[in-house]
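Data from protein35.tsv: TSV, C-alpha atoms and all ligand atoms
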```
chain	number	residue	atom	x	y	z
A	1495	MET	CA	-51.21	-8.47	-29.15
A	1496	GLU	CA	-53.30	-11.54	-30.04
A	1497	VAL	CA	-55.37	-11.14	-33.18
A	1498	PRO	CA	-57.04	-13.64	-35.54
A	1499	CYS	CA	-54.58	-14.86	-38.16
A	1500	VAL	CA	-54.67	-17.27	-41.06
A	1501	ARG	CA	-51.86	-19.78	-40.52
A	1502	VAL	CA	-50.05	-21.27	-43.56
A	1503	ARG	CA	-46.64	-22.65	-44.47
A	1504	PRO	CA	-44.32	-19.81	-45.62
A	1505	GLN	CA	-44.10	-21.19	-49.19
A	1506	ASP	CA	-47.88	-20.67	-49.50
A	1507	GLY	CA	-47.70	-17.23	-47.89
A	1508	GLU	CA	-47.85	-14.94	-50.90
A	1509	ALA	CA	-50.64	-16.88	-52.64
A	1510	THR	CA	-52.65	-16.91	-49.41
A	1511	ARG	CA	-52.08	-13.22	-48.71
A	1512	SER	CA	-53.19	-12.30	-52.27
A	1513	ALA	CA	-56.29	-14.50	-52.04
A	1514	LEU	CA	-57.23	-12.94	-48.66
A	1515	ALA	CA	-56.50	-9.43	-49.98
A	1516	ALA	CA	-58.81	-10.08	-52.95
A	1517	ARG	CA	-61.60	-10.72	-50.40
A	1518	ASP	CA	-60.55	-7.63	-48.40
A	1519	LEU	CA	-59.76	-9.81	-45.40
A	1520	VAL	CA	-56.14	-8.75	-44.67
A	1521	ASP	CA	-55.75	-6.71	-41.48
A	1522	GLY	CA	-53.34	-3.94	-42.52
A	1523	ASP	CA	-52.85	-2.70	-38.95
A	1524	HIS	CA	-50.79	-5.72	-37.92
A	1525	GLU	CA	-47.57	-7.27	-39.23
A	1526	ILE	CA	-47.47	-10.55	-41.16
A	1527	THR	CA	-45.20	-12.73	-39.02
A	1528	VAL	CA	-43.17	-15.91	-39.51
A	1529	GLU	CA	-42.60	-18.09	-36.47
A	1530	GLU	CA	-41.44	-21.67	-36.04
A	1531	GLY	CA	-42.16	-22.70	-39.62
A	1532	TRP	CA	-45.55	-20.98	-39.90
A	1533	LEU	CA	-46.59	-17.71	-41.49
A	1534	TYR	CA	-49.39	-15.76	-39.78
A	1535	VAL	CA	-51.49	-13.38	-41.89
A	1536	PRO	CA	-53.65	-11.15	-39.63
A	1537	VAL	CA	-57.27	-11.04	-40.83
A	1538	THR	CA	-60.15	-8.67	-40.20
A	1539	GLU	CA	-62.96	-11.25	-40.06
A	1540	ALA	CA	-62.01	-14.57	-38.52
A	1541	SER	CA	-65.33	-16.28	-39.21
A	1542	VAL	CA	-65.37	-15.36	-42.91
A	1543	ALA	CA	-61.81	-16.65	-43.31
A	1544	ALA	CA	-62.62	-19.84	-41.38
A	1545	ASN	CA	-65.77	-20.45	-43.45
A	1546	ALA	CA	-63.66	-20.06	-46.59
A	1547	GLY	CA	-61.60	-23.02	-45.37
A	1548	TYR	CA	-58.56	-21.24	-43.92
A	1549	ASP	CA	-56.87	-22.36	-40.71
A	1550	VAL	CA	-57.64	-19.41	-38.38
A	1551	VAL	CA	-55.82	-19.09	-35.05
A	1552	ALA	CA	-55.34	-16.34	-32.47
A	1553	HIS	CA	-51.69	-15.28	-32.60
A	1554	ASP	CA	-49.49	-12.61	-31.02
A	1555	VAL	CA	-48.32	-10.21	-33.78
A	1556	ALA	CA	-46.91	-6.67	-33.69
A	1557	ALA	CA	-48.99	-3.63	-34.58
A	1558	ARG	CA	-47.89	-2.04	-37.85
A	1559	ARG	CA	-46.59	1.52	-37.67
A	1560	GLY	CA	-47.06	3.96	-40.48
A	1561	GLN	CA	-43.58	4.68	-41.90
A	1562	LEU	CA	-42.43	8.16	-40.97
A	1563	MET	CA	-40.89	9.66	-44.13
A	1564	PRO	CA	-38.50	12.65	-44.37
A	1565	ALA	CA	-41.34	14.64	-45.96
A	1566	ASP	CA	-43.49	14.07	-42.84
A	1567	VAL	CA	-40.78	15.70	-40.72
A	1568	LEU	CA	-39.68	18.44	-43.14
A	1569	GLY	CA	-43.09	19.37	-44.54
A	1570	GLU	CA	-41.98	18.77	-48.15
A	1571	GLU	CA	-40.26	15.97	-50.05
A	1572	PRO	CA	-36.47	16.50	-50.00
A	1573	SER	CA	-34.35	15.16	-52.83
A	1574	TYR	CA	-31.90	12.40	-51.85
A	1575	GLU	CA	-30.27	9.31	-53.28
A	1576	ARG	CA	-29.72	6.08	-51.36
A	1577	LEU	CA	-26.44	4.15	-51.29
A	1578	GLY	CA	-26.51	1.34	-48.73
A	1579	ASP	CA	-27.39	3.03	-45.43
A	1580	ILE	CA	-26.19	6.42	-46.73
A	1581	ALA	CA	-28.51	9.17	-48.01
A	1582	ILE	CA	-26.76	11.48	-50.47
A	1583	VAL	CA	-28.06	15.04	-50.76
A	1584	ASP	CA	-27.07	18.00	-52.86
A	1585	GLU	CA	-27.82	21.13	-50.82
A	1586	GLU	CA	-25.93	24.42	-51.12
A	1587	ASP	CA	-27.53	26.26	-48.21
A	1588	PRO	CA	-26.04	24.99	-44.90
A	1589	ASP	CA	-29.26	25.53	-42.89
A	1590	ARG	CA	-31.32	23.68	-45.48
A	1591	ALA	CA	-28.72	20.87	-45.60
A	1592	ARG	CA	-28.94	20.52	-41.80
A	1593	ALA	CA	-32.76	20.46	-41.84
A	1594	VAL	CA	-32.88	17.85	-44.64
A	1595	ALA	CA	-30.31	15.66	-42.86
A	1596	ASP	CA	-32.21	15.87	-39.56
A	1597	ALA	CA	-35.48	14.95	-41.30
A	1598	ILE	CA	-33.88	11.94	-42.99
A	1599	VAL	CA	-32.29	10.71	-39.75
A	1600	GLU	CA	-35.52	11.22	-37.81
A	1601	SER	CA	-37.56	9.31	-40.39
A	1602	ASP	CA	-38.07	5.53	-40.41
A	1603	LEU	CA	-35.77	5.12	-43.44
A	1604	PRO	CA	-32.98	2.61	-42.77
A	1605	VAL	CA	-30.38	5.38	-43.09
A	1606	GLU	CA	-27.39	5.84	-40.75
A	1607	SER	CA	-25.44	8.51	-42.64
A	1608	VAL	CA	-26.26	11.65	-44.61
A	1609	LEU	CA	-23.63	13.09	-46.96
A	1610	ASN	CA	-23.83	16.36	-48.84
A	1611	ARG	CA	-21.98	16.63	-52.16
A	1612	ALA	CA	-19.21	19.18	-51.53
A	1613	SER	CA	-17.47	19.09	-54.92
A	1614	LYS	CA	-17.74	17.54	-58.35
A	1615	VAL	CA	-15.97	14.23	-58.93
A	1616	LYS	CA	-12.40	15.27	-59.60
A	1617	GLY	CA	-8.87	14.22	-60.48
A	1618	GLU	CA	-7.73	10.91	-61.87
A	1619	LEU	CA	-9.40	8.93	-59.08
A	1620	ARG	CA	-12.81	10.58	-59.66
A	1621	VAL	CA	-13.47	10.92	-55.90
A	1622	ARG	CA	-15.50	13.90	-54.64
A	1623	ASP	CA	-15.42	15.83	-51.38
A	1624	TRP	CA	-18.28	15.21	-48.95
A	1625	GLU	CA	-19.74	17.16	-46.08
A	1626	VAL	CA	-20.69	14.55	-43.48
A	1627	LEU	CA	-24.02	15.66	-42.01
A	1628	ALA	CA	-24.60	12.43	-40.07
A	1629	GLY	CA	-22.74	9.13	-39.62
A	1630	ASP	CA	-19.80	8.38	-41.89
A	1631	THR	CA	-18.78	7.67	-45.49
A	1632	ARG	CA	-18.47	3.87	-45.38
A	1633	THR	CA	-21.31	1.54	-46.30
A	1634	VAL	CA	-22.39	-1.78	-47.78
A	1635	HIS	CA	-24.46	-1.26	-50.93
A	1636	ARG	CA	-26.60	-3.96	-52.56
A	1637	GLU	CA	-27.05	-4.01	-56.33
A	1638	TYR	CA	-28.74	-6.79	-58.33
A	1639	GLY	CA	-28.00	-9.40	-55.69
A	1640	TYR	CA	-24.36	-8.46	-55.02
A	1641	GLU	CA	-22.91	-6.59	-52.04
A	1642	TYR	CA	-20.29	-3.87	-52.29
A	1643	VAL	CA	-18.34	-2.53	-49.32
A	1644	LEU	CA	-17.01	0.94	-50.12
A	1645	ASP	CA	-16.01	4.25	-48.62
A	1646	LEU	CA	-17.12	7.30	-50.57
A	1647	ALA	CA	-14.31	9.35	-49.00
A	1648	THR	CA	-11.72	7.27	-50.85
A	1649	VAL	CA	-13.39	5.74	-53.94
A	1650	TYR	CA	-15.75	6.56	-56.80
A	1651	PHE	CA	-19.17	4.90	-56.79
A	1652	SER	CA	-22.46	5.91	-58.37
A	1653	PRO	CA	-25.68	3.98	-57.67
A	1654	ARG	CA	-27.20	5.70	-60.72
A	1655	LEU	CA	-25.28	3.31	-62.99
A	1656	ALA	CA	-26.88	0.17	-61.52
A	1657	THR	CA	-29.26	-0.46	-64.44
A	1658	GLU	CA	-26.49	0.16	-66.96
A	1659	ARG	CA	-24.11	-2.23	-65.23
A	1660	HIS	CA	-26.87	-4.85	-65.19
A	1661	ARG	CA	-27.52	-4.29	-68.92
A	1662	VAL	CA	-23.88	-5.04	-69.64
A	1663	ALA	CA	-23.55	-7.92	-67.15
A	1664	ARG	CA	-26.47	-9.74	-68.80
A	1665	GLN	CA	-24.40	-10.00	-71.98
A	1666	VAL	CA	-21.59	-11.90	-70.25
A	1667	ASP	CA	-21.23	-15.65	-70.87
A	1668	ALA	CA	-19.59	-18.21	-68.60
A	1669	GLY	CA	-15.98	-18.87	-69.54
A	1670	GLU	CA	-15.31	-15.56	-71.26
A	1671	ARG	CA	-12.39	-13.31	-70.34
A	1672	ALA	CA	-13.38	-9.81	-69.25
A	1673	PHE	CA	-11.09	-6.90	-68.44
A	1674	ASP	CA	-12.39	-3.80	-66.63
A	1675	MET	CA	-9.80	-1.10	-67.27
A	1676	PHE	CA	-11.21	1.34	-64.66
A	1677	ALA	CA	-12.72	-1.12	-62.22
A	1678	GLY	CA	-13.38	0.86	-59.02
A	1679	VAL	CA	-14.75	-1.36	-56.23
A	1680	GLY	CA	-15.88	-3.94	-58.79
A	1681	PRO	CA	-19.51	-3.30	-59.80
A	1682	PHE	CA	-18.82	-4.68	-63.31
A	1683	VAL	CA	-16.20	-7.28	-62.36
A	1684	ILE	CA	-18.21	-8.93	-59.56
A	1685	PRO	CA	-21.41	-9.64	-61.56
A	1686	PHE	CA	-19.34	-10.67	-64.60
A	1687	ALA	CA	-17.48	-13.19	-62.41
A	1688	GLY	CA	-20.84	-14.19	-60.93
A	1689	ARG	CA	-21.86	-15.27	-64.45
A	1690	GLY	CA	-18.74	-17.41	-64.73
A	1691	ALA	CA	-16.35	-15.04	-66.53
A	1692	THR	CA	-12.67	-14.86	-65.68
A	1693	CYS	CA	-12.05	-11.21	-64.81
A	1694	VAL	CA	-9.23	-8.74	-64.45
A	1695	GLY	CA	-9.83	-5.30	-62.99
A	1696	THR	CA	-7.32	-2.49	-62.78
A	1697	ASP	CA	-7.57	0.82	-60.98
A	1698	LEU	CA	-5.08	3.54	-60.10
A	1699	ASN	CA	-6.81	3.87	-56.74
A	1700	GLY	CA	-5.31	1.36	-54.26
A	1701	ALA	CA	-8.29	1.80	-51.90
A	1702	ALA	CA	-10.72	0.83	-54.69
A	1703	ILE	CA	-8.72	-2.32	-55.48
A	1704	GLU	CA	-8.68	-3.31	-51.79
A	1705	PHE	CA	-12.47	-2.99	-51.74
A	1706	LEU	CA	-12.74	-4.89	-55.02
A	1707	LEU	CA	-10.80	-7.82	-53.55
A	1708	GLU	CA	-12.91	-7.72	-50.37
A	1709	ASN	CA	-16.07	-7.60	-52.50
A	1710	ALA	CA	-14.92	-10.54	-54.61
A	1711	GLU	CA	-14.50	-12.58	-51.40
A	1712	ARG	CA	-17.79	-11.35	-49.98
A	1713	ASN	CA	-19.69	-12.37	-53.12
A	1714	GLY	CA	-17.97	-15.74	-53.50
A	1715	VAL	CA	-16.21	-15.03	-56.82
A	1716	ALA	CA	-12.61	-14.41	-55.67
A	1717	ASP	CA	-11.34	-17.47	-57.57
A	1718	ARG	CA	-12.25	-15.82	-60.89
A	1719	VAL	CA	-11.05	-12.28	-60.11
A	1720	THR	CA	-7.62	-10.67	-60.45
A	1721	ALA	CA	-7.35	-7.06	-59.29
A	1722	VAL	CA	-4.34	-4.83	-59.84
A	1723	ALA	CA	-3.76	-1.40	-58.27
A	1724	ARG	CA	-1.87	0.20	-61.14
A	1725	ASP	CA	-2.28	2.30	-64.25
A	1726	VAL	CA	-4.01	0.04	-66.79
A	1727	ARG	CA	-1.41	1.03	-69.39
A	1728	GLU	CA	1.30	-0.66	-67.33
A	1729	VAL	CA	-0.74	-3.82	-66.69
A	1730	ALA	CA	-1.87	-4.26	-70.31
A	1731	THR	CA	1.48	-5.67	-71.44
A	1732	ASP	CA	0.75	-8.79	-69.33
A	1733	TYR	CA	-2.64	-9.32	-71.04
A	1734	GLU	CA	-2.00	-8.65	-74.73
A	1735	ALA	CA	-4.78	-10.00	-76.99
A	1736	TRP	CA	-6.35	-11.56	-73.86
A	1737	ALA	CA	-9.82	-10.05	-73.61
A	1738	ASP	CA	-13.18	-11.16	-75.01
A	1739	ARG	CA	-14.78	-8.13	-73.33
A	1740	LEU	CA	-13.46	-4.75	-72.19
A	1741	VAL	CA	-15.16	-2.14	-69.99
A	1742	MET	CA	-13.96	1.46	-70.34
A	1743	ASN	CA	-15.94	3.48	-67.81
A	1744	LEU	CA	-13.91	6.68	-67.68
A	1745	PRO	CA	-16.10	9.20	-69.48
A	1746	HIS	CA	-14.23	12.33	-70.68
A	1747	SER	CA	-10.84	10.58	-70.89
A	1748	ALA	CA	-11.37	7.03	-72.18
A	1749	ASP	CA	-10.17	8.02	-75.66
A	1750	ALA	CA	-6.64	8.37	-74.27
A	1751	PHE	CA	-6.72	4.65	-73.43
A	1752	LEU	CA	-7.90	3.26	-76.76
A	1753	ASP	CA	-4.45	2.08	-77.83
A	1754	THR	CA	-4.33	0.09	-74.59
A	1755	ALA	CA	-7.81	-1.29	-75.28
A	1756	VAL	CA	-6.74	-2.46	-78.75
A	1757	ALA	CA	-3.66	-4.12	-77.25
A	1758	LEU	CA	-5.84	-5.99	-74.73
A	1759	ALA	CA	-8.49	-7.05	-77.27
A	1760	GLY	CA	-8.55	-10.65	-78.45
A	1761	ASP	CA	-9.63	-11.70	-81.96
A	1762	ASP	CA	-13.32	-11.10	-81.21
A	1763	CYS	CA	-13.79	-8.58	-78.44
A	1764	VAL	CA	-16.72	-6.41	-77.31
A	1765	VAL	CA	-15.74	-3.02	-75.89
A	1766	HIS	CA	-18.18	-1.10	-73.67
A	1767	TYR	CA	-16.95	2.43	-74.21
A	1768	TYR	CA	-18.48	5.18	-72.03
A	1769	ASP	CA	-18.52	8.67	-73.41
A	1770	ILE	CA	-20.14	12.06	-72.96
A	1771	GLN	CA	-21.67	13.01	-76.30
A	1772	HIS	CA	-23.37	16.11	-77.62
A	1773	ASP	CA	-26.84	15.44	-79.04
A	1774	GLU	CA	-25.78	17.03	-82.34
A	1775	ASP	CA	-22.89	14.61	-82.76
A	1776	PRO	CA	-24.22	11.29	-81.43
A	1777	PHE	CA	-21.70	9.08	-83.18
A	1778	GLY	CA	-19.04	11.73	-82.67
A	1779	PRO	CA	-15.53	11.62	-81.31
A	1780	GLY	CA	-15.93	8.32	-79.47
A	1781	GLU	CA	-16.61	6.20	-82.52
A	1782	ARG	CA	-14.04	8.04	-84.64
A	1783	ALA	CA	-11.41	7.60	-81.92
A	1784	ILE	CA	-12.14	3.86	-81.69
A	1785	ARG	CA	-11.82	3.46	-85.48
A	1786	ASP	CA	-8.56	5.43	-85.46
A	1787	ALA	CA	-7.08	3.32	-82.66
A	1788	ALA	CA	-8.13	0.04	-84.28
A	1789	GLY	CA	-6.63	1.13	-87.62
A	1790	SER	CA	-6.59	-1.67	-90.16
A	1791	SER	CA	-5.94	-4.44	-87.65
A	1792	TYR	CA	-9.59	-4.86	-86.61
A	1793	GLU	CA	-12.98	-4.62	-88.21
A	1794	VAL	CA	-14.97	-2.18	-86.01
A	1795	ARG	CA	-18.72	-2.54	-85.63
A	1796	VAL	CA	-20.78	-0.32	-83.29
A	1797	GLU	CA	-23.43	-2.84	-82.25
A	1798	ASN	CA	-25.35	-0.55	-79.95
A	1799	ARG	CA	-25.36	3.05	-78.78
A	1800	HIS	CA	-27.08	3.09	-75.42
A	1801	VAL	CA	-28.00	6.32	-73.62
A	1802	VAL	CA	-27.13	5.78	-69.96
A	1803	ARG	CA	-28.49	9.10	-68.69
A	1804	SER	CA	-28.68	12.75	-69.47
A	1805	TYR	CA	-25.49	14.46	-68.35
A	1806	ALA	CA	-26.07	18.17	-68.98
A	1807	PRO	CA	-28.33	20.14	-71.33
A	1808	HIS	CA	-27.65	18.69	-74.83
A	1809	GLU	CA	-25.12	16.22	-73.42
A	1810	GLU	CA	-25.63	12.54	-72.76
A	1811	ASN	CA	-23.64	9.86	-71.02
A	1812	VAL	CA	-23.67	7.04	-73.58
A	1813	CYS	CA	-22.23	3.57	-73.86
A	1814	LEU	CA	-21.06	2.37	-77.25
A	1815	ASP	CA	-20.99	-1.43	-77.44
A	1816	VAL	CA	-18.34	-1.96	-80.09
A	1817	ARG	CA	-17.20	-5.28	-81.54
A	1818	LEU	CA	-13.59	-5.56	-82.68
A	1819	THR	CA	-12.86	-8.56	-84.88
A	1820	ARG	CA	-9.84	-9.74	-86.85
A	1901	LIG	C1	-15.68	6.66	-63.29
A	1901	LIG	S1	-14.78	5.61	-62.20
A	1901	LIG	C2	-15.54	4.05	-62.59
A	1901	LIG	C3	-15.37	2.99	-61.54
A	1901	LIG	C4	-16.25	1.75	-61.75
A	1901	LIG	N1	-16.14	1.21	-63.09
A	1901	LIG	C5	-17.69	2.01	-61.39
A	1901	LIG	O1	-18.59	1.89	-62.24
A	1901	LIG	O2	-17.95	2.31	-60.21
A	1901	LIG	C6	-13.21	5.55	-63.02
A	1901	LIG	C7	-12.11	4.79	-62.25
A	1901	LIG	O3	-10.94	4.78	-63.09
A	1901	LIG	C8	-9.80	4.85	-62.28
A	1901	LIG	N2	-8.67	5.29	-63.14
A	1901	LIG	C9	-8.43	6.52	-63.63
A	1901	LIG	N3	-7.32	6.52	-64.41
A	1901	LIG	C10	-6.88	5.22	-64.43
A	1901	LIG	C11	-5.78	4.56	-65.07
A	1901	LIG	N4	-4.90	5.24	-65.83
A	1901	LIG	N5	-5.64	3.24	-64.89
A	1901	LIG	C12	-6.51	2.54	-64.12
A	1901	LIG	N6	-7.56	3.12	-63.48
A	1901	LIG	C13	-7.74	4.44	-63.63
A	1901	LIG	C14	-10.21	5.82	-61.18
A	1901	LIG	O4	-9.41	5.66	-60.03
A	1901	LIG	C15	-11.69	5.45	-60.94
A	1901	LIG	O5	-11.83	4.51	-59.91
```

Please go through the file and, once you have read it, give me the structure as structure tokens.
Amino acid sequence: MEVPCVRVRPQDGEATRSALAARDLVDGDHEITVEEGWLYVPVTEASVAANAGYDVVAHDVAARRGQLMPADVLGEEPSYERLGDIAIVDEEDPDRARAVADAIVESDLPVESVLNRASKVKGELRVRDWEVLAGDTRTVHREYGYEYVLDLATVYFSPRLATERHRVARQVDAGERAFDMFAGVGPFVIPFAGRGATCVGTDLNGAAIEFLLENAERNGVADRVTAVARDVREVATDYEAWADRLVMNLPHSADAFLDTAVALAGDDCVVHYYDIQHDEDPFGPGERAIRDAAGSSYEVRVENRHVVRSYAPHEENVCLDVRLTR
């Protein structure tokens, strides 16, 4: 439908839209549209905009629909998490799970699949069971500018750790050597490599390593990434004293791998050690275990204890950023 629009070059679009909005001139019922090098901002009062010096033209733009949300369909806001085009829900009652999934699919959210958590993460590979309520378990997830292809049926991935991964990635310098001992599909390795680090990632899960390699290609960092589908303890012998930075994201069991971490650590190495800690023992077993493993060969300094998220009542998922020097 043809409506009056202010026409500007796209690079001036946001400034123009804000200036028009400040005068209450933006027509919210129609879409802002880019066409053939011009951006068209629909306006409510053509003459006022023209008198203010804007280039006003009649242009064909689409009417804007109100976004239909799951709550509009269900009558209440359901709880769900987004991972690419998957919505993850946690519903015990099968009828409720069905109703929530139908509401999500019917809504305007860009969601193709709805998965219900059907178990806790389990076993060495930390993969959970899923009830597929719509679509399938494979997706492409975007996190801080990088894309990750993954299949939740075969690999671990949690979008809740995005901010934490970004916190760590921001510490990485170009040229450093980083080793992710439990790398999954690469959400630490890929942004590290994106900052110019040379990276090695290991994972017991062959499917995760295949995705990691695909993700390295997809994000243009494959030349700086080595990925190995084996137990990190077997790979470590090839990388003794190699690492400037280690990531140990295997809460509950990382302490069993501290000897391996010490073997991998170079002369000045930062270890990001993930742990589940009780609030009464915040510097508890994790720090003691690191000091024990390092023995007298390294000076151990806990530079930061960062709470990633609450894990259970009185328990927190924390990251200890620990510097080992010798
Ligand atoms: C909690 S997940 C973390 C994955 C990834 N860092 C992330 O943030 O998505 C732990 C990963 O460690 C892997 N893993 C478990 N034991 C391992 C071992 N001995 N050697 C290498 N990887 C292992 C699992 O397969 C799983 O992918």

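Between atom CA of Leu1519 of chain A and atom CA of Val1555 of chain A there is a distance of 16.3 Å.
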
Nearest residue to ligand LIG 1901 (chain A) from the set A:Ala1513, A:Leu1698, A:Ala1597, A:Leu1627 (distances using only C-alpha atoms and all ligand atoms)
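Answer, going by the shortest atom-to-atom distance: A:Leu1698.
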
Which of these residues is nearest to ligand LIG 1901 (chain A), using all atoms listed in the file: A:Val1812, A:Val1594, A:Ala1788, A:Val1741?
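The shortest atom-to-atom distance to ligand LIG 1901 (chain A) comes from A:Val1741.
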
Exercise answer, 8 Å around ligand LIG 1901 (chain A) with all atoms listed in the file, as a PyMOL selection string:
chain A and resi 1618-1621+1649-1652+1655+1659+1674-1682+1696-1699+1702+1723-1727+1741-1745+1751

May I ask which of the residues A:Thr1819, A:Asp1584, A:Ala1591, A:Ser1804 is the closest one to Asp1623 of chain A, counting all atoms listed in the file?
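Of A:Thr1819, A:Asp1584, A:Ala1591, A:Ser1804, the one nearest Asp1623 of chain A is A:Asp1584, counting all atoms listed in the file.
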
Do you know which residues are at most 8 Å from Asn1811 of chain A counting only C-alpha atoms, after dropping those on the same chain fewer than 4 positions away, and could you put them as an MDAnalysis selection string?
chainID A and resid 1745 1768:1771 1801:1805

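The coordinates place atom CA of Phe1673 of chain A at 17.1 Å from atom CA of Ile1784 of chain A.
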
Which residues, written as an MDAnalysis selection string, have at least one atom at most 10 Å from Glu1508 of chain A, with all atoms listed in the file counted and residues fewer than 6 positions away on the same chain left out?
chainID A and resid 1502 1514 1533 1535

Could you name the residues that touch Ala1628 of chain A at 10 Å or less, counting all atoms listed in the file, but leaving out those on the same chain fewer than 2 positions away, as a list in words?
Ile1580, Ala1581, Arg1592, Ala1595, Asp1596, Ile1598, Val1599, Val1605, Glu1606, Ser1607, Val1608, Leu1609, Asn1610, Glu1625, Val1626, Asp1630 and Thr1631 of chain A

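Taking atom CA of Thr1754 of chain A as the reference point, atom CA of Ala1783 of chain A is found at 12.7 Å.
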
Write only C-alpha atoms for segment 1497-1545 of chain A from the block just shown, as a CSV table (one decimal), in the first residue's frame.
```
chain,number,residue,atom,x,y,z
A,1497,VAL,CA,1.8,5.7,2.1
A,1498,PRO,CA,3.9,8.9,2.7
A,1499,CYS,CA,7.5,8.0,3.6
A,1500,VAL,CA,10.6,10.0,4.3
A,1501,ARG,CA,13.3,8.8,1.9
A,1502,VAL,CA,17.0,8.7,3.1
A,1503,ARG,CA,20.1,6.8,2.3
A,1504,PRO,CA,20.3,3.6,4.6
A,1505,GLN,CA,23.4,5.0,6.5
A,1506,ASP,CA,21.3,7.9,7.6
A,1507,GLY,CA,18.3,5.7,8.5
A,1508,GLU,CA,18.7,5.3,12.2
A,1509,ALA,CA,19.4,9.0,12.8
A,1510,THR,CA,16.4,10.0,10.7
A,1511,ARG,CA,14.1,7.5,12.3
A,1512,SER,CA,15.1,8.8,15.8
A,1513,ALA,CA,14.6,12.4,14.8
A,1514,LEU,CA,11.2,11.7,13.3
A,1515,ALA,CA,10.2,9.6,16.3
A,1516,ALA,CA,11.2,12.5,18.6
A,1517,ARG,CA,8.6,14.6,16.7
A,1518,ASP,CA,6.0,11.7,16.9
A,1519,LEU,CA,6.0,11.5,13.1
A,1520,VAL,CA,6.8,7.8,12.6
A,1521,ASP,CA,3.9,5.7,11.3
A,1522,GLY,CA,4.1,2.5,13.4
A,1523,ASP,CA,1.5,0.7,11.4
A,1524,HIS,CA,3.8,0.2,8.4
A,1525,GLU,CA,7.2,-1.4,7.9
A,1526,ILE,CA,10.4,0.6,7.4
A,1527,THR,CA,11.6,-0.7,4.0
A,1528,VAL,CA,14.9,-0.7,2.1
A,1529,GLU,CA,14.7,-0.7,-1.7
A,1530,GLU,CA,17.3,0.0,-4.4
A,1531,GLY,CA,19.6,1.9,-2.2
A,1532,TRP,CA,17.0,4.0,-0.3
A,1533,LEU,CA,15.4,3.6,3.1
A,1534,TYR,CA,11.7,4.5,3.4
A,1535,VAL,CA,10.4,5.6,6.8
A,1536,PRO,CA,6.6,5.7,6.8
A,1537,VAL,CA,5.3,9.0,8.4
A,1538,THR,CA,2.0,10.1,9.9
A,1539,GLU,CA,2.0,13.7,8.6
A,1540,ALA,CA,3.6,14.2,5.2
A,1541,SER,CA,3.3,18.0,5.2
A,1542,VAL,CA,4.9,18.4,8.7
A,1543,ALA,CA,7.8,16.1,7.6
A,1544,ALA,CA,8.2,18.0,4.3
A,1545,ASN,CA,8.1,21.4,6.0
```
